[in-house]
Structures are given as C-alpha cells and as structure tokens.
Amino acid sequence: MTIPLTAKATMPKAELLSEINRLRKEKNAVILAHYYQDAEIQDLADFVGDSLDLSRKAAATDADVIVFCGVRFMAEVAKILSPEKTVVLPDMDAGCSLEDSCPPDRFIKFRDKYPDHLCITYINCSADIKAMSDIIITSSNAEHIINQLPENQKIILAPDRHLGAYLAKKTGRDMVLWPGSCIVHERFSEKELIKLKAEHPDAPVTAHPECPDHILRHADHVGSTSSILKFVLENPAEKFLVATEPGIIHQMQKSAPHKTFIGAPGADGNCNCNQCPFMALNTIEKLYNCLNTLEPQIEVDEITRIKALAPLNKMFEMSPPAASNRPPKSGRAF
Ligand code: 13P
Ligand code: SF4
C-alpha cells in the first residue's frame, strides 16, 4: 500500500488509526497526551496525564520520538529534558494564553525590579521565561514546593495571577504576581455556577487553580487535572460540577461510567466556550502527519535549554514523589 505523506480529510478513520499504530512502532515513538486533548487522541495515546506527569514521562522515556499531544510549552519541556529525542507537536500553533501573557523582554525588567525575590514560575510559559526562573512549578506540586521555602522568602510568582493569588492564600507567603491569566479558566461564570449548584445541591464542585477566586470560592476541591480526576473517582458522590477544560471529563466518564460529570458553564450558560482553543488545534489527522513526516519539530537553542533545565530539575527535586501523583503507567490513561 502507498501511504500518503499528508493525511487527506477523506482517509477513513480506521485506516488512519492503523497507520498511526504502524508508524509509532516503526519509529519507536511514544504518544503523550494531556487531559484536555480530544477523546480520540487520549484513547490512542500511550500515556495521558497532567503537566507534571507528562514531564516525568518525557524525561524517562526510551522512545526515539516523542509525539506531544498538548500545547507547545509542554512539548518544549519534553525537548529541554530529552534533547537527544525528536519531539514533534501535531500543530505548532498550539500555544497557550498564559505563555503569551508573559513576553521575555517585559518579564526580565519586572524580575530585575525584585532582586531579593525568588522567581517561581508556572510551567505554562516559554523556555525563555523558564531560563530566567529559579524554580518551575505545576498545579500538582506548587503548594508542596512553596511550603519548603523559608517563611520569610519573598517570591515572584508568574505568569498566572489567579494561581498566584490562590497559592499566596494557601501558603501565607509574600508574593508579587505577574498579571497573566488563562483565557479558558477566566470564562467560567460565577452567576451560572451558583445557578447550577442550586440545581444540583448534592454535586461537589471541583476546580482548577487557574480559575479566578470568584469561582474557586465555590469549590469543594481545587487541584491540577490529575488531582481533580483522583478526587471525583475517590469521592462517594454520584455527580460533580467540573470547573476546568471539559476534555478531562472523558477520563472521568471512562473511569466512573456510573457517575455524572457536568462542565461548569461560561457566561452564556454553555460550557463549550471553555474548550481550550490551542489544545483543540491538534487532531488525529495532524497527529498522523507529524508521526509520518516527523515535522513540525520542537527546537530549543542550547544556551536557553541549559538555563531552563536548572529550574526544571529544581522542580523535580522538590516535588512530591511520583507515587502520590498518580504516576505514569504504561498502557493507557492513568
Ligand atoms: P495541569 O498541569 O493541571 O494538567 O494544567 C495544565 C493546564 O494547562 C491547565 O490549563
Ligand atoms: Fe494554556 Fe489555558 Fe489552554 Fe491551559 S487551558 S493550555 S493554561 S490556554
């Protein structure tokens, strides 16, 4: 059979999936997917996880090729940790509004105004911003890492002001916040959430810390995507309201089909507006194309890579052990 270099819209789905399976073996590739990816991408991935899980997996894999089904900063972390591997992203335009909200030329001036502050940076940023940072955090390990710092340590927290405000409150630390935000998590409506809670009084609310405080204050559980997943699986309730990107609901339904998961609404009462437009750029067809052509590839210049590696390694040193964070398992989602 002659394999087309670029998947045509007409290529039957079954053929596309079987070609992806053939190519991943042939190229010794691992497919890593974030929980916000389309259900069909999650289902064919070797590993599905949150930012920390996926970084650990990218650092540990013995595959030659990492196909990163997530956004660009996540694939960039994979390249920083495993520079000898080929790292491909199905769509190079899959960026992140938090990354966009923190341009390096402005951030360096901001950082230099606070020379006695430790620069703690959320993983949702570019390699250039990581290279200017002291410690990287994710929503899984942020509180644990900050609590290890001396109580009087002054902190710059960038780029997410909502995560920063949440962490300042939780840890009682003195923080200067960079004014960035996630366009997806900012869209949840408090008014609509209150209405939904009144309709489902028995449903605990779970939320990602990228949500503003007016959403987080209604939450029974706040955590990373994997922590949210763990909460809904372990909690005895039968119904949950979920204030994060709705892609995560796929894993919830797979793991607990008897439970009901309701996406928190945006201002128009419709939760579809909370789909991450960047994550949605990756499709099965683009996944096939990048596996086939090994393009587009992630590149990070070596000086930036070495500088960005130090705060990432600091993150791994200070993170809770992988076992308490639903570690990556081979097979499918974890
Ligand atoms: P997690 O690390 O919790 O998966 O978050 C990643 C992200 O981009 C949330 O918007
Ligand atoms: Fe970035 Fe927000 Fe999309 Fe997460 S959901 S990748 S923070 S834009």
# chains A, B, ... in the order shown; residues from 1 in each chain; ligands from 1
>>> residues_near_ligand(ligand="ligand 1", cutoff="10 Å", atoms="only C-alpha atoms and all ligand atoms", output="PyMOL selection string")
chain A and resi 34-36+48-55+70-71+73-74+96-98+122-125+137-141+181-185+208-211+223-228+244-245+248+276+279
>>> residues_around(residues="Arg217 (chain A)", least_positions_apart="5", cutoff="12 Å", atoms="only C-alpha atoms", output="list in words")
Tyr166, Lys169, Glu190, Leu193, Ile194, Val205, Thr206, Ala207, His208, Pro209, Cys211, Pro212, Val222 and Ala243 of chain A
>>> atom_distance(atom1="CA of Glu76 (chain A)", atom2="CA of Leu16 (chain A)")
26.4 Å
>>> select_by_dssp(residues="region 23-201 of chain A", states="strand (DSSP E or B)", output="short mmCIF file (atom, residue, chain, number, x, y, z; two decimals) with C-alpha atoms, in the first residue's frame")
data_model
loop_
_atom_site.label_atom_id
_atom_site.label_comp_id
_atom_site.auth_asym_id
_atom_site.auth_seq_id
_atom_site.Cartn_x
_atom_site.Cartn_y
_atom_site.Cartn_z
CA ALA A 29 7.62 6.77 19.11
CA VAL A 30 5.70 7.41 22.30
CA ILE A 31 2.47 9.41 22.12
CA LEU A 32 1.94 11.61 25.19
CA ALA A 33 -1.40 13.38 25.61
CA HIS A 34 -2.75 15.96 28.03
CA PHE A 47 0.19 7.99 28.31
CA VAL A 48 -2.35 10.62 29.36
CA GLY A 49 -1.60 12.97 32.23
CA VAL A 65 10.43 10.13 19.10
CA ILE A 66 8.04 11.94 21.45
CA VAL A 67 4.75 12.92 19.80
CA PHE A 68 3.41 15.53 22.19
CA CYS A 69 -0.35 15.96 22.01
CA THR A 86 12.94 14.07 18.27
CA VAL A 87 9.94 15.93 19.74
CA VAL A 88 7.03 16.71 17.43
CA LEU A 118 12.88 34.05 44.31
CA CYS A 119 11.41 33.68 40.83
CA ILE A 120 8.88 30.84 40.90
CA THR A 121 7.35 30.23 37.52
CA TYR A 122 4.38 28.14 36.45
CA ILE A 135 12.07 27.08 40.31
CA ILE A 136 9.35 25.82 37.96
CA ILE A 137 6.05 24.65 39.43
CA ILE A 155 8.55 35.36 45.89
CA ILE A 156 7.76 36.47 42.34
CA LEU A 157 5.00 34.16 41.03
CA ALA A 158 4.47 34.22 37.25
CA ASP A 160 -0.75 33.19 36.29
CA MET A 175 4.22 37.13 46.59
CA VAL A 176 4.49 39.63 43.76
CA LEU A 177 2.27 38.39 40.94
CA GLY A 180 -1.18 36.88 33.32
CA PHE A 188 -16.43 30.45 33.88
#
>>> residues_around(residues="Leu23 (chain A)", least_positions_apart="5", cutoff="10 Å", atoms="only C-alpha atoms", output="ChimeraX atom specification")
/A:17-18,28-29,288,291-292
>>> atom_distance(atom1="CA of Gln148 (chain A)", atom2="CA of Lys307 (chain A)")
22.6 Å
>>> atom_distance(atom1="CA of Leu149 (chain A)", atom2="CA of Asp116 (chain A)")
13.9 Å
>>> closest_residue(among="A:Gln42, A:Ile306, A:Ile298, A:Pro236", to="Ala78 (chain A)", atoms="only C-alpha atoms")
A:Ile298
>>> select_by_dssp(residues="region 10-227 of chain A", states="helix (DSSP H, G or I)", output="PyMOL selection string")
chain A and resi 13-26+39-44+51-60+72-81+97-100+104-112+127-131+142-146+161-171+185-187+190-199+213-216+225-227
>>> residues_around(residues="Cys290 (chain A)", least_positions_apart="2", cutoff="9 Å", atoms="only C-alpha atoms", output="mmCIF file with N, CA, C and O atoms, in the first residue's frame")
data_model
loop_
_atom_site.group_PDB
_atom_site.id
_atom_site.type_symbol
_atom_site.label_atom_id
_atom_site.label_comp_id
_atom_site.auth_asym_id
_atom_site.auth_seq_id
_atom_site.Cartn_x
_atom_site.Cartn_y
_atom_site.Cartn_z
ATOM 1 N N THR A 6 0.659 13.180 3.533
ATOM 2 C CA THR A 6 -0.232 14.015 4.334
ATOM 3 C C THR A 6 -1.608 13.380 4.348
ATOM 4 O O THR A 6 -2.135 13.034 3.294
ATOM 5 N N VAL A 67 5.830 12.173 20.463
ATOM 6 C CA VAL A 67 4.754 12.918 19.800
ATOM 7 C C VAL A 67 3.953 13.542 20.924
ATOM 8 O O VAL A 67 3.313 12.830 21.710
ATOM 9 N N VAL A 88 7.922 16.080 18.415
ATOM 10 C CA VAL A 88 7.028 16.705 17.434
ATOM 11 C C VAL A 88 5.700 17.060 18.101
ATOM 12 O O VAL A 88 5.272 16.415 19.056
ATOM 13 N N LEU A 89 5.102 18.140 17.564
ATOM 14 C CA LEU A 89 3.819 18.647 18.063
ATOM 15 C C LEU A 89 2.893 18.657 16.848
ATOM 16 O O LEU A 89 3.259 19.196 15.816
ATOM 17 N N PRO A 90 1.703 18.060 16.939
ATOM 18 C CA PRO A 90 0.852 17.996 15.733
ATOM 19 C C PRO A 90 0.591 19.363 15.094
ATOM 20 O O PRO A 90 0.538 19.465 13.877
ATOM 21 N N ASP A 91 0.416 20.416 15.907
ATOM 22 C CA ASP A 91 0.196 21.751 15.335
ATOM 23 C C ASP A 91 1.052 22.761 16.095
ATOM 24 O O ASP A 91 0.839 22.990 17.284
ATOM 25 N N GLU A 285 -5.672 13.695 12.367
ATOM 26 C CA GLU A 285 -5.010 13.818 11.053
ATOM 27 C C GLU A 285 -3.627 14.459 11.210
ATOM 28 O O GLU A 285 -2.644 13.996 10.625
ATOM 29 N N LYS A 286 -3.558 15.525 12.030
ATOM 30 C CA LYS A 286 -2.260 16.192 12.230
ATOM 31 C C LYS A 286 -1.313 15.291 13.017
ATOM 32 O O LYS A 286 -0.098 15.323 12.814
ATOM 33 N N LEU A 287 -1.870 14.490 13.901
ATOM 34 C CA LEU A 287 -1.043 13.534 14.650
ATOM 35 C C LEU A 287 -0.424 12.524 13.678
ATOM 36 O O LEU A 287 0.780 12.230 13.736
ATOM 37 N N TYR A 288 -1.250 12.029 12.784
ATOM 38 C CA TYR A 288 -0.732 11.097 11.764
ATOM 39 C C TYR A 288 0.367 11.781 10.934
ATOM 40 O O TYR A 288 1.443 11.218 10.716
ATOM 41 N N ASN A 292 4.292 10.714 10.637
ATOM 42 C CA ASN A 292 4.751 10.275 9.324
ATOM 43 C C ASN A 292 5.962 11.075 8.836
ATOM 44 O O ASN A 292 6.949 10.508 8.357
ATOM 45 N N THR A 293 5.911 12.399 9.014
ATOM 46 C CA THR A 293 6.964 13.264 8.450
ATOM 47 C C THR A 293 7.993 13.692 9.500
ATOM 48 O O THR A 293 9.012 14.279 9.163
ATOM 49 N N LEU A 294 7.680 13.449 10.776
ATOM 50 C CA LEU A 294 8.494 13.942 11.907
ATOM 51 C C LEU A 294 8.657 15.469 11.851
ATOM 52 O O LEU A 294 9.697 16.020 12.183
ATOM 53 N N GLU A 295 7.618 16.126 11.446
ATOM 54 C CA GLU A 295 7.526 17.582 11.412
ATOM 55 C C GLU A 295 6.123 17.986 11.865
ATOM 56 O O GLU A 295 5.181 17.248 11.583
ATOM 57 N N PRO A 296 5.935 19.142 12.489
ATOM 58 C CA PRO A 296 6.939 20.101 12.913
ATOM 59 C C PRO A 296 7.643 19.669 14.210
ATOM 60 O O PRO A 296 7.025 19.130 15.114
ATOM 61 N N GLN A 297 8.963 19.916 14.226
ATOM 62 C CA GLN A 297 9.788 19.533 15.375
ATOM 63 C C GLN A 297 9.989 20.709 16.318
ATOM 64 O O GLN A 297 10.125 21.847 15.881
#
>>> closest_residue(among="A:Ile145, A:Ala264, A:Ala165, A:Ala45", to="Lys314 (chain A)", atoms="only C-alpha atoms")
A:Ile145
>>> residues_around(residues="Ile80 (chain A)", least_positions_apart="5", cutoff="8 Å", atoms="only C-alpha atoms", output="list in words")
Val300, Arg305, Ile306, Ala308 and Leu309 of chain A
>>> write_last_selection(atoms="N, CA and C atoms", output="mmCIF file, in the first residue's frame")
data_model
loop_
_atom_site.group_PDB
_atom_site.id
_atom_site.type_symbol
_atom_site.label_atom_id
_atom_site.label_comp_id
_atom_site.auth_asym_id
_atom_site.auth_seq_id
_atom_site.Cartn_x
_atom_site.Cartn_y
_atom_site.Cartn_z
ATOM 1 N N VAL A 300 14.968 23.895 20.785
ATOM 2 C CA VAL A 300 15.279 24.898 21.822
ATOM 3 C C VAL A 300 16.785 25.135 21.743
ATOM 4 N N ARG A 305 18.251 26.155 26.667
ATOM 5 C CA ARG A 305 17.892 24.836 27.206
ATOM 6 C C ARG A 305 18.607 24.567 28.532
ATOM 7 N N ILE A 306 19.902 24.831 28.559
ATOM 8 C CA ILE A 306 20.675 24.564 29.785
ATOM 9 C C ILE A 306 20.167 25.453 30.926
ATOM 10 N N ALA A 308 17.145 26.737 31.210
ATOM 11 C CA ALA A 308 15.776 26.345 31.587
ATOM 12 C C ALA A 308 15.753 24.998 32.320
ATOM 13 N N LEU A 309 16.777 24.188 32.074
ATOM 14 C CA LEU A 309 16.834 22.857 32.706
ATOM 15 C C LEU A 309 17.025 22.967 34.223
#
